[in-house]
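Novice: Starting off with a structure, shown below.
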Amino acid sequence: MKTWMSYSDRLRSMYPGGRADVRARRLSRLWATAFGRGLGPRRWVSLEVTGRKSGRIVRFPVGMADLAGQWYLVSMLGERCNWVLNVRAAGGRVVIRHGRAVDCQLVEVPPGERPEILRRYLRKVPGSRPHIPVSRHAPAADFAAIGPRYPMFRVV
């Protein structure tokens, strides 16, 4: 008898050890292209950054959270996520594309400021929910406890 994995389990299985497998990489290319062309809601964008090893432009599909008039990018996979490592290596210089390209500077958010942004991110980017171990309805203390594990950047 075959057991069916839940949607959350399938999503998590595509990122063993916090790194994308072949399925996730293929889907990422597809979504980065779609979001870069302006398809989907405004918060879904293609993040373009210089690869830290290759030196070539690498594209990642990401969902942004808005809070108090600012936009934020959050790594649902934590510190080892490729786009986070590339953004840090590039000094925060990126291009965000949603129909048109916008040169941006990403500024890392200190851990003490992350809980409310993380809560907003979980509410607005549903695909991240299986990867972050708290409910979007959890109390602020739960977000404060895990906030330092999830890098986030303010879009300038």
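Chain labels run A, B, ... following the order of the structure tokens; each chain numbers its residues from 1, and ligands are numbered from 1 in the order shown.
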Got a sec to tell me which of stretch 30-116 of chain A DSSP assigns to strand (DSSP E), as JSON, numbers by chain?

Specialist: {"A": [44, 45, 46, 47, 48, 49, 50, 57, 58, 59, 60, 61, 62, 63, 64, 65, 66, 67, 70, 71, 72, 73, 74, 93, 94, 95, 96, 97, 101, 102, 103, 104, 105, 106, 107, 108]}

Novice: Go ahead and write the selection's residues with C-alpha atoms as an mmCIF file, in the first residue's frame.

Specialist:
data_model
loop_
_atom_site.group_PDB
_atom_site.id
_atom_site.type_symbol
_atom_site.label_atom_id
_atom_site.label_comp_id
_atom_site.auth_asym_id
_atom_site.auth_seq_id
_atom_site.Cartn_x
_atom_site.Cartn_y
_atom_site.Cartn_z
ATOM 1 C CA TRP A 44 6.653 37.490 -5.842
ATOM 2 C CA VAL A 45 9.873 38.557 -7.538
ATOM 3 C CA SER A 46 12.996 37.234 -9.179
ATOM 4 C CA LEU A 47 16.103 38.048 -7.143
ATOM 5 C CA GLU A 48 19.222 38.419 -9.303
ATOM 6 C CA VAL A 49 22.600 38.361 -7.593
ATOM 7 C CA THR A 50 26.171 37.620 -8.597
ATOM 8 C CA ILE A 57 24.195 36.304 -12.374
ATOM 9 C CA VAL A 58 22.014 33.774 -10.542
ATOM 10 C CA ARG A 59 18.228 34.111 -10.266
ATOM 11 C CA PHE A 60 16.081 32.976 -7.362
ATOM 12 C CA PRO A 61 12.287 33.219 -7.002
ATOM 13 C CA VAL A 62 11.458 34.827 -3.665
ATOM 14 C CA GLY A 63 8.410 36.105 -1.867
ATOM 15 C CA MET A 64 8.655 39.435 -0.058
ATOM 16 C CA ALA A 65 6.954 40.524 3.144
ATOM 17 C CA ASP A 66 5.815 44.097 3.636
ATOM 18 C CA LEU A 67 5.732 45.715 7.054
ATOM 19 C CA GLN A 70 9.198 48.474 3.981
ATOM 20 C CA TRP A 71 9.780 45.325 1.943
ATOM 21 C CA TYR A 72 11.763 42.374 3.306
ATOM 22 C CA LEU A 73 13.252 39.166 1.944
ATOM 23 C CA VAL A 74 13.351 36.228 4.355
ATOM 24 C CA ARG A 93 23.887 44.538 -4.205
ATOM 25 C CA VAL A 94 21.087 42.812 -6.129
ATOM 26 C CA VAL A 95 18.503 43.332 -8.838
ATOM 27 C CA ILE A 96 14.868 42.649 -8.042
ATOM 28 C CA ARG A 97 12.761 41.964 -11.097
ATOM 29 C CA ALA A 101 14.538 45.428 -13.159
ATOM 30 C CA VAL A 102 15.289 47.534 -10.077
ATOM 31 C CA ASP A 103 18.809 47.807 -8.659
ATOM 32 C CA CYS A 104 18.566 47.408 -4.881
ATOM 33 C CA GLN A 105 20.686 47.212 -1.785
ATOM 34 C CA LEU A 106 19.720 44.561 0.761
ATOM 35 C CA VAL A 107 20.491 45.369 4.378
ATOM 36 C CA GLU A 108 20.516 42.476 6.841
#

Novice: Give me every alpha helix (DSSP H) residue in stretch 11-150 of chain A, going by DSSP on the backbone, as a VMD selection string.

Specialist: chain A and resid 11 to 13 22 to 36 82 to 89 114 to 124 140 to 146

Novice: I want to know what sits within 12 Å of A:His137, based on only C-alpha atoms, with residues of the same chain fewer than 3 positions away left out; could you give that as a VMD selection string?

Specialist: chain A and resid 116 118 to 123 129 133 to 134 140 to 143

Novice: Those same residues, written as a PDB file, in the first residue's frame with N, CA, C and O atoms?

Specialist:
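Ended up saving to result25.pdb:
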ATOM      1  N   GLU A 116       8.639  40.180  14.239  1.00  0.00           N
ATOM      2  CA  GLU A 116       7.413  40.666  13.602  1.00  0.00           C
ATOM      3  C   GLU A 116       7.476  40.533  12.080  1.00  0.00           C
ATOM      4  O   GLU A 116       6.470  40.259  11.428  1.00  0.00           O
ATOM      5  N   LEU A 118       9.097  38.136  10.515  1.00  0.00           N
ATOM      6  CA  LEU A 118       8.915  36.710  10.274  1.00  0.00           C
ATOM      7  C   LEU A 118       7.432  36.335  10.353  1.00  0.00           C
ATOM      8  O   LEU A 118       6.919  35.565   9.527  1.00  0.00           O
ATOM      9  N   ARG A 119       6.724  36.898  11.310  1.00  0.00           N
ATOM     10  CA  ARG A 119       5.280  36.645  11.429  1.00  0.00           C
ATOM     11  C   ARG A 119       4.559  37.114  10.162  1.00  0.00           C
ATOM     12  O   ARG A 119       3.751  36.393   9.583  1.00  0.00           O
ATOM     13  N   ARG A 120       4.893  38.311   9.705  1.00  0.00           N
ATOM     14  CA  ARG A 120       4.260  38.868   8.497  1.00  0.00           C
ATOM     15  C   ARG A 120       4.598  38.003   7.275  1.00  0.00           C
ATOM     16  O   ARG A 120       3.753  37.738   6.429  1.00  0.00           O
ATOM     17  N   TYR A 121       5.852  37.561   7.197  1.00  0.00           N
ATOM     18  CA  TYR A 121       6.293  36.720   6.092  1.00  0.00           C
ATOM     19  C   TYR A 121       5.483  35.423   6.040  1.00  0.00           C
ATOM     20  O   TYR A 121       5.020  35.013   4.974  1.00  0.00           O
ATOM     21  N   LEU A 122       5.283  34.792   7.162  1.00  0.00           N
ATOM     22  CA  LEU A 122       4.500  33.548   7.193  1.00  0.00           C
ATOM     23  C   LEU A 122       3.055  33.781   6.771  1.00  0.00           C
ATOM     24  O   LEU A 122       2.423  32.908   6.172  1.00  0.00           O
ATOM     25  N   ARG A 123       2.527  34.948   7.086  1.00  0.00           N
ATOM     26  CA  ARG A 123       1.149  35.254   6.690  1.00  0.00           C
ATOM     27  C   ARG A 123       1.039  35.496   5.199  1.00  0.00           C
ATOM     28  O   ARG A 123       0.024  35.159   4.591  1.00  0.00           O
ATOM     29  N   ARG A 129       5.633  28.225   4.899  1.00  0.00           N
ATOM     30  CA  ARG A 129       5.106  27.680   6.158  1.00  0.00           C
ATOM     31  C   ARG A 129       5.629  26.297   6.513  1.00  0.00           C
ATOM     32  O   ARG A 129       5.948  26.056   7.683  1.00  0.00           O
ATOM     33  N   PRO A 133       9.261  26.400  11.685  1.00  0.00           N
ATOM     34  CA  PRO A 133       8.584  25.562  12.682  1.00  0.00           C
ATOM     35  C   PRO A 133       7.654  26.263  13.669  1.00  0.00           C
ATOM     36  O   PRO A 133       7.544  25.831  14.808  1.00  0.00           O
ATOM     37  N   VAL A 134       6.986  27.315  13.235  1.00  0.00           N
ATOM     38  CA  VAL A 134       5.953  27.923  14.078  1.00  0.00           C
ATOM     39  C   VAL A 134       4.754  28.252  13.198  1.00  0.00           C
ATOM     40  O   VAL A 134       4.890  28.456  11.998  1.00  0.00           O
ATOM     41  N   ALA A 140       4.210  36.050  19.907  1.00  0.00           N
ATOM     42  CA  ALA A 140       5.462  36.744  19.564  1.00  0.00           C
ATOM     43  C   ALA A 140       6.693  36.057  20.150  1.00  0.00           C
ATOM     44  O   ALA A 140       7.754  36.035  19.520  1.00  0.00           O
ATOM     45  N   ALA A 141       6.562  35.471  21.319  1.00  0.00           N
ATOM     46  CA  ALA A 141       7.708  34.805  21.960  1.00  0.00           C
ATOM     47  C   ALA A 141       8.232  33.649  21.114  1.00  0.00           C
ATOM     48  O   ALA A 141       9.441  33.411  21.056  1.00  0.00           O
ATOM     49  N   ASP A 142       7.335  32.946  20.433  1.00  0.00           N
ATOM     50  CA  ASP A 142       7.761  31.845  19.563  1.00  0.00           C
ATOM     51  C   ASP A 142       8.582  32.359  18.385  1.00  0.00           C
ATOM     52  O   ASP A 142       9.572  31.752  17.986  1.00  0.00           O
ATOM     53  N   PHE A 143       8.173  33.485  17.833  1.00  0.00           N
ATOM     54  CA  PHE A 143       8.920  34.084  16.719  1.00  0.00           C
ATOM     55  C   PHE A 143      10.268  34.618  17.191  1.00  0.00           C
ATOM     56  O   PHE A 143      11.263  34.512  16.489  1.00  0.00           O
TER      57      PHE A 143
END

Novice: Would you pick out the contacts of A:Lys53 at 12 Å or less, using only C-alpha atoms, so that residues sharing its chain but fewer than 6 positions from it are not included, and give the list as a ChimeraX atom specification?

Specialist: /A:82,85-86,89-90

Novice: Can you tell me, as an MDAnalysis selection string, what residues are no more than 10 Å from A:Arg149 when counting only C-alpha atoms, ignoring any on the same chain fewer than 6 positions away?

Specialist: chainID A and resid 75:79 111 114 132

Novice: I'd like the interatomic distance between atom CA of A:Gly51 and atom CA of A:Trp83, to a tenth of an Å.

Specialist: 8.5 Å

Novice: Could you check the closest approach to A:Val125 for each of A:Gly91, A:Pro139, A:Pro148, A:Pro41 and tell me which residue wins, using only C-alpha atoms?

Specialist: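 That would be A:Pro41, the residue with the smallest distance to A:Val125.
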
Novice: May I have a table of the residues of stretch 55-151 of chain A lying at most 8 Å from stretch 37-40 of chain A, giving each one's closest pair of atoms and their distance in Å to one decimal, counting only C-alpha atoms, ordered by chain and ascending residue number, as a tab-separated table?

Specialist:
residue	atom	partner	partner_atom	distance
A:Arg97	CA	A:Arg37	CA	7.5
A:His98	CA	A:Gly38	CA	4.3
A:Gly99	CA	A:Gly38	CA	3.9
A:Arg100	CA	A:Arg37	CA	7.5

Novice: Any idea what the distance is between atom CA of A:Val156 and atom CA of A:Ala32?

Specialist: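 About the pair atom CA of A:Val156 and atom CA of A:Ala32: they are 20.6 Å apart.
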
Novice: Measure the distance from atom CA of A:Arg43 to atom CA of A:Val155 in Å and round it to one decimal.

Specialist: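 Between atom CA of A:Arg43 and atom CA of A:Val155 the gap works out to 12.0 Å.
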